[in-house]
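To start, the structure itself, in structure tokens.
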Amino acid sequence: MKSFIKKQEYNYIKKCLYDLNNSFRNCLDSNIIKVNKSCINEKILNLFTNLSEQEKNLLDITKITEPSYINNYLSNLDQYVYGMPALTSTQIIKLFKKEKNLKLPDLDKQNSKNVYLGFIDKSKKKLFVAYNINGTLLKMTCRILDSNSKNTHKCALCNTVGGPNKVAFVSCVCKSGNSKKGSYRSIGLHICLDSKKCNERIVSTEKLEKILKDVNNIK
Ligand SMILES: [Zn+2]
């Protein structure tokens, strides 16, 4: 069986099983657990179209009868998970060609099961994001803005909530269709500074794609 689960789908399944774990632990009525389970199973299967019987079987959570099975289930699924294709240093340099002396991420550590590639150049105070939409590599360069506030904010990509050292406010200059001098637009957003963790939590790429299209002026 080939890898057929996108990383964000796997994260979604993980989240669903967290809910299942909660209902195992907090719910005494076995009928309610049963209903919950079939509802969660439905949600998981609905992520996919054209599943083979074998794949459906693999995803089936109704066989999970106690919380201790959950980890096994997840690690078994993990071998069928895929992320964006790993990038070479040449590709990254080309993508961010406007950046002088870009400090490249540790490519050996680049997990091939990433939804997006995110890395920080501390000396530039910038977070770089690359993502593959239907074979086209899109990028954004986010300037990390200093914040004195201790308020918590929500990451636009994975919805996690954290203080400014975890979820920071960044600004990205958008490409403009209008090449007239002085026309310049930027957007601000909150985003996780730890892209590795963000990649473990992101359950949908809808927002990421919307932001990237906006930044790259793609209609
Ligand atoms: Zn995040």
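As shown in the structure tokens, the chain order sets the letters A, B, ...; within each chain, residues go from 1, and ligands are also counted from 1 in the order they appear.
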
At a cut-off of 6 Å around ligand 1, and using only C-alpha atoms and all ligand atoms, what residues come up? Please write them as an mmCIF file with C-alpha atoms, in the first residue's frame.
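Listed below is the output, out24.cif:
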```cif
data_model
loop_
_atom_site.group_PDB
_atom_site.id
_atom_site.type_symbol
_atom_site.label_atom_id
_atom_site.label_comp_id
_atom_site.auth_asym_id
_atom_site.auth_seq_id
_atom_site.Cartn_x
_atom_site.Cartn_y
_atom_site.Cartn_z
ATOM 1 C CA CYS A 155 -1.515 30.808 15.119
ATOM 2 C CA LEU A 157 -2.125 28.043 10.497
ATOM 3 C CA CYS A 158 -2.638 25.570 13.331
ATOM 4 C CA THR A 160 -2.662 26.923 18.705
ATOM 5 C CA ILE A 191 2.135 32.405 13.426
ATOM 6 C CA CYS A 192 4.025 29.744 15.424
ATOM 7 C CA CYS A 198 3.153 23.850 13.947
#
```

Checklist entry - If you run DSSP on the backbone, which residues of segment 26-207 of chain A are strand (DSSP E or B), as a ChimeraX atom specification? => result /A:81-82,117-121,126-133,136-144,153-154,161-162,167-174,185-192

Keeping C-alpha atoms for every residue in the selection just given, could you write it to a file as an mmCIF file, in the first residue's frame?
```cif
data_model
loop_
_atom_site.group_PDB
_atom_site.id
_atom_site.type_symbol
_atom_site.label_atom_id
_atom_site.label_comp_id
_atom_site.auth_asym_id
_atom_site.auth_seq_id
_atom_site.Cartn_x
_atom_site.Cartn_y
_atom_site.Cartn_z
ATOM 1 C CA VAL A 81 1.677 9.483 5.713
ATOM 2 C CA TYR A 82 3.374 11.853 3.283
ATOM 3 C CA LEU A 117 8.706 24.190 5.313
ATOM 4 C CA GLY A 118 9.288 26.917 7.879
ATOM 5 C CA PHE A 119 12.609 28.164 9.190
ATOM 6 C CA ILE A 120 13.949 31.179 11.010
ATOM 7 C CA ASP A 121 17.015 33.273 10.298
ATOM 8 C CA LYS A 126 12.681 36.574 9.703
ATOM 9 C CA LEU A 127 10.606 33.457 9.334
ATOM 10 C CA PHE A 128 10.612 31.879 5.882
ATOM 11 C CA VAL A 129 7.755 29.697 4.704
ATOM 12 C CA ALA A 130 7.622 27.503 1.605
ATOM 13 C CA TYR A 131 4.688 25.385 0.498
ATOM 14 C CA ASN A 132 3.778 23.387 -2.558
ATOM 15 C CA ILE A 133 0.388 24.141 -4.136
ATOM 16 C CA THR A 136 4.024 25.139 -7.639
ATOM 17 C CA LEU A 137 6.328 26.233 -4.869
ATOM 18 C CA LEU A 138 5.063 29.328 -3.080
ATOM 19 C CA LYS A 139 6.871 31.270 -0.420
ATOM 20 C CA MET A 140 6.459 34.054 2.038
ATOM 21 C CA THR A 141 9.012 36.015 4.016
ATOM 22 C CA CYS A 142 7.738 37.091 7.406
ATOM 23 C CA ARG A 143 9.410 39.796 9.416
ATOM 24 C CA ILE A 144 9.129 38.926 13.107
ATOM 25 C CA HIS A 153 -2.499 34.895 20.250
ATOM 26 C CA LYS A 154 -3.705 32.181 17.916
ATOM 27 C CA VAL A 161 -2.712 29.694 21.299
ATOM 28 C CA GLY A 162 0.480 30.993 22.896
ATOM 29 C CA VAL A 167 3.013 32.596 18.514
ATOM 30 C CA ALA A 168 4.501 35.803 17.140
ATOM 31 C CA PHE A 169 3.126 38.679 15.157
ATOM 32 C CA VAL A 170 4.800 38.884 11.754
ATOM 33 C CA SER A 171 4.402 41.046 8.687
ATOM 34 C CA CYS A 172 4.816 39.893 5.095
ATOM 35 C CA VAL A 173 5.230 42.137 2.106
ATOM 36 C CA CYS A 174 2.842 41.088 -0.627
ATOM 37 C CA ARG A 185 1.042 46.215 0.540
ATOM 38 C CA SER A 186 1.805 44.039 3.509
ATOM 39 C CA ILE A 187 -0.248 41.794 5.738
ATOM 40 C CA GLY A 188 0.175 40.968 9.401
ATOM 41 C CA LEU A 189 -0.580 37.657 11.009
ATOM 42 C CA HIS A 190 0.142 35.541 14.045
ATOM 43 C CA ILE A 191 2.135 32.405 13.426
ATOM 44 C CA CYS A 192 4.025 29.744 15.424
#
```

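Residues surrounding Phe48 of chain A within 9 Å are Ile5, Glu9 and Ile44 of chain A [only C-alpha atoms; sequence separation below 4 positions excluded].
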
N, CA and C atoms of the current selection, written as a PDB file, in the first residue's frame:
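Produced file out_17.pdb, reproduced below:
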```
ATOM      1  N   ILE A   5      -1.991   9.215   3.035  1.00  0.00           N
ATOM      2  CA  ILE A   5      -2.530  10.159   4.017  1.00  0.00           C
ATOM      3  C   ILE A   5      -1.643  11.402   4.049  1.00  0.00           C
ATOM      4  N   GLU A   9      -3.926  15.617   7.168  1.00  0.00           N
ATOM      5  CA  GLU A   9      -5.019  14.655   7.423  1.00  0.00           C
ATOM      6  C   GLU A   9      -4.659  13.778   8.625  1.00  0.00           C
ATOM      7  N   ILE A  44     -13.378  10.727   9.943  1.00  0.00           N
ATOM      8  CA  ILE A  44     -12.071  10.359   9.380  1.00  0.00           C
ATOM      9  C   ILE A  44     -12.222   9.897   7.934  1.00  0.00           C
TER      10      ILE A  44
END
```

Next on the checklist: Residues near Leu59 of chain A, anyone? I mean within 9 Å using only C-alpha atoms, not counting same-chain ones fewer than 3 positions away, as a list in words.
Outcome noted: Asn41, Ile44, Leu45, Gln54, Glu55, Lys56, Tyr73 and Leu77 of chain A

Selected residues written out, C-alpha atoms, as a CSV table (one decimal), in the first residue's frame:
```csv
chain,number,residue,atom,x,y,z
A,41,ASN,CA,-14.9,7.1,12.2
A,44,ILE,CA,-12.1,10.4,9.4
A,45,LEU,CA,-13.4,8.5,6.3
A,54,GLN,CA,-7.5,-2.1,2.4
A,55,GLU,CA,-7.1,1.6,3.2
A,56,LYS,CA,-10.6,1.8,4.7
A,73,TYR,CA,-3.2,2.7,15.7
A,77,LEU,CA,-0.9,4.8,10.2
```

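Counting only C-alpha atoms, the residue from A:Leu87, A:Asn50, A:Lys207, A:Lys124 that sits nearest to Lys103 of chain A is A:Lys124.
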
Next on the checklist: Considering only helix (DSSP H, G or I) as DSSP defines it on the backbone, what residues of segment 15-214 of chain A qualify? List them as a PyMOL selection string.
Outcome noted: chain A and resi 15-26+30-45+53-59+69-78+89-95+107-109+122-124+195-201+206-214

Item to check | Which of A:Asn22, A:Thr205, A:Asn216, A:Gln91 sits closest to Gln8 of chain A [using only C-alpha atoms] | outcome: A:Thr205

Item to check | Gap from atom CA of Met84 of chain A to atom CA of Leu102 of chain A - Å, one decimal | outcome: 21.5 Å

Checklist outcome for this item: re atom CA of Pro164 of chain A and atom CA of Asp146 of chain A: distance 8.6 Å

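Going from atom CA of Ile202 of chain A to atom CA of Lys14 of chain A covers 10.7 Å.
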
Next on the checklist: Please list as an NGL selection string every residue within 10 Å of Ile64 of chain A, counting only C-alpha atoms and excluding residues in the same chain fewer than 6 positions away.
Outcome noted: :A and (17 or 20 or 37 or 70 or 72-73)

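Among A:Lys197, A:Lys97, A:Lys6, A:Lys125, the residue with the shortest atom-to-atom distance to Tyr80 of chain A, counting only C-alpha atoms, is A:Lys6.
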
Item to check | Near-Asn21 of chain A list (12 Å; only C-alpha atoms; drop same-chain fewer than 4 positions) as an MDAnalysis selection string | outcome: chainID A and resid 14:17 25:27 33 36:37 40 61 64:71
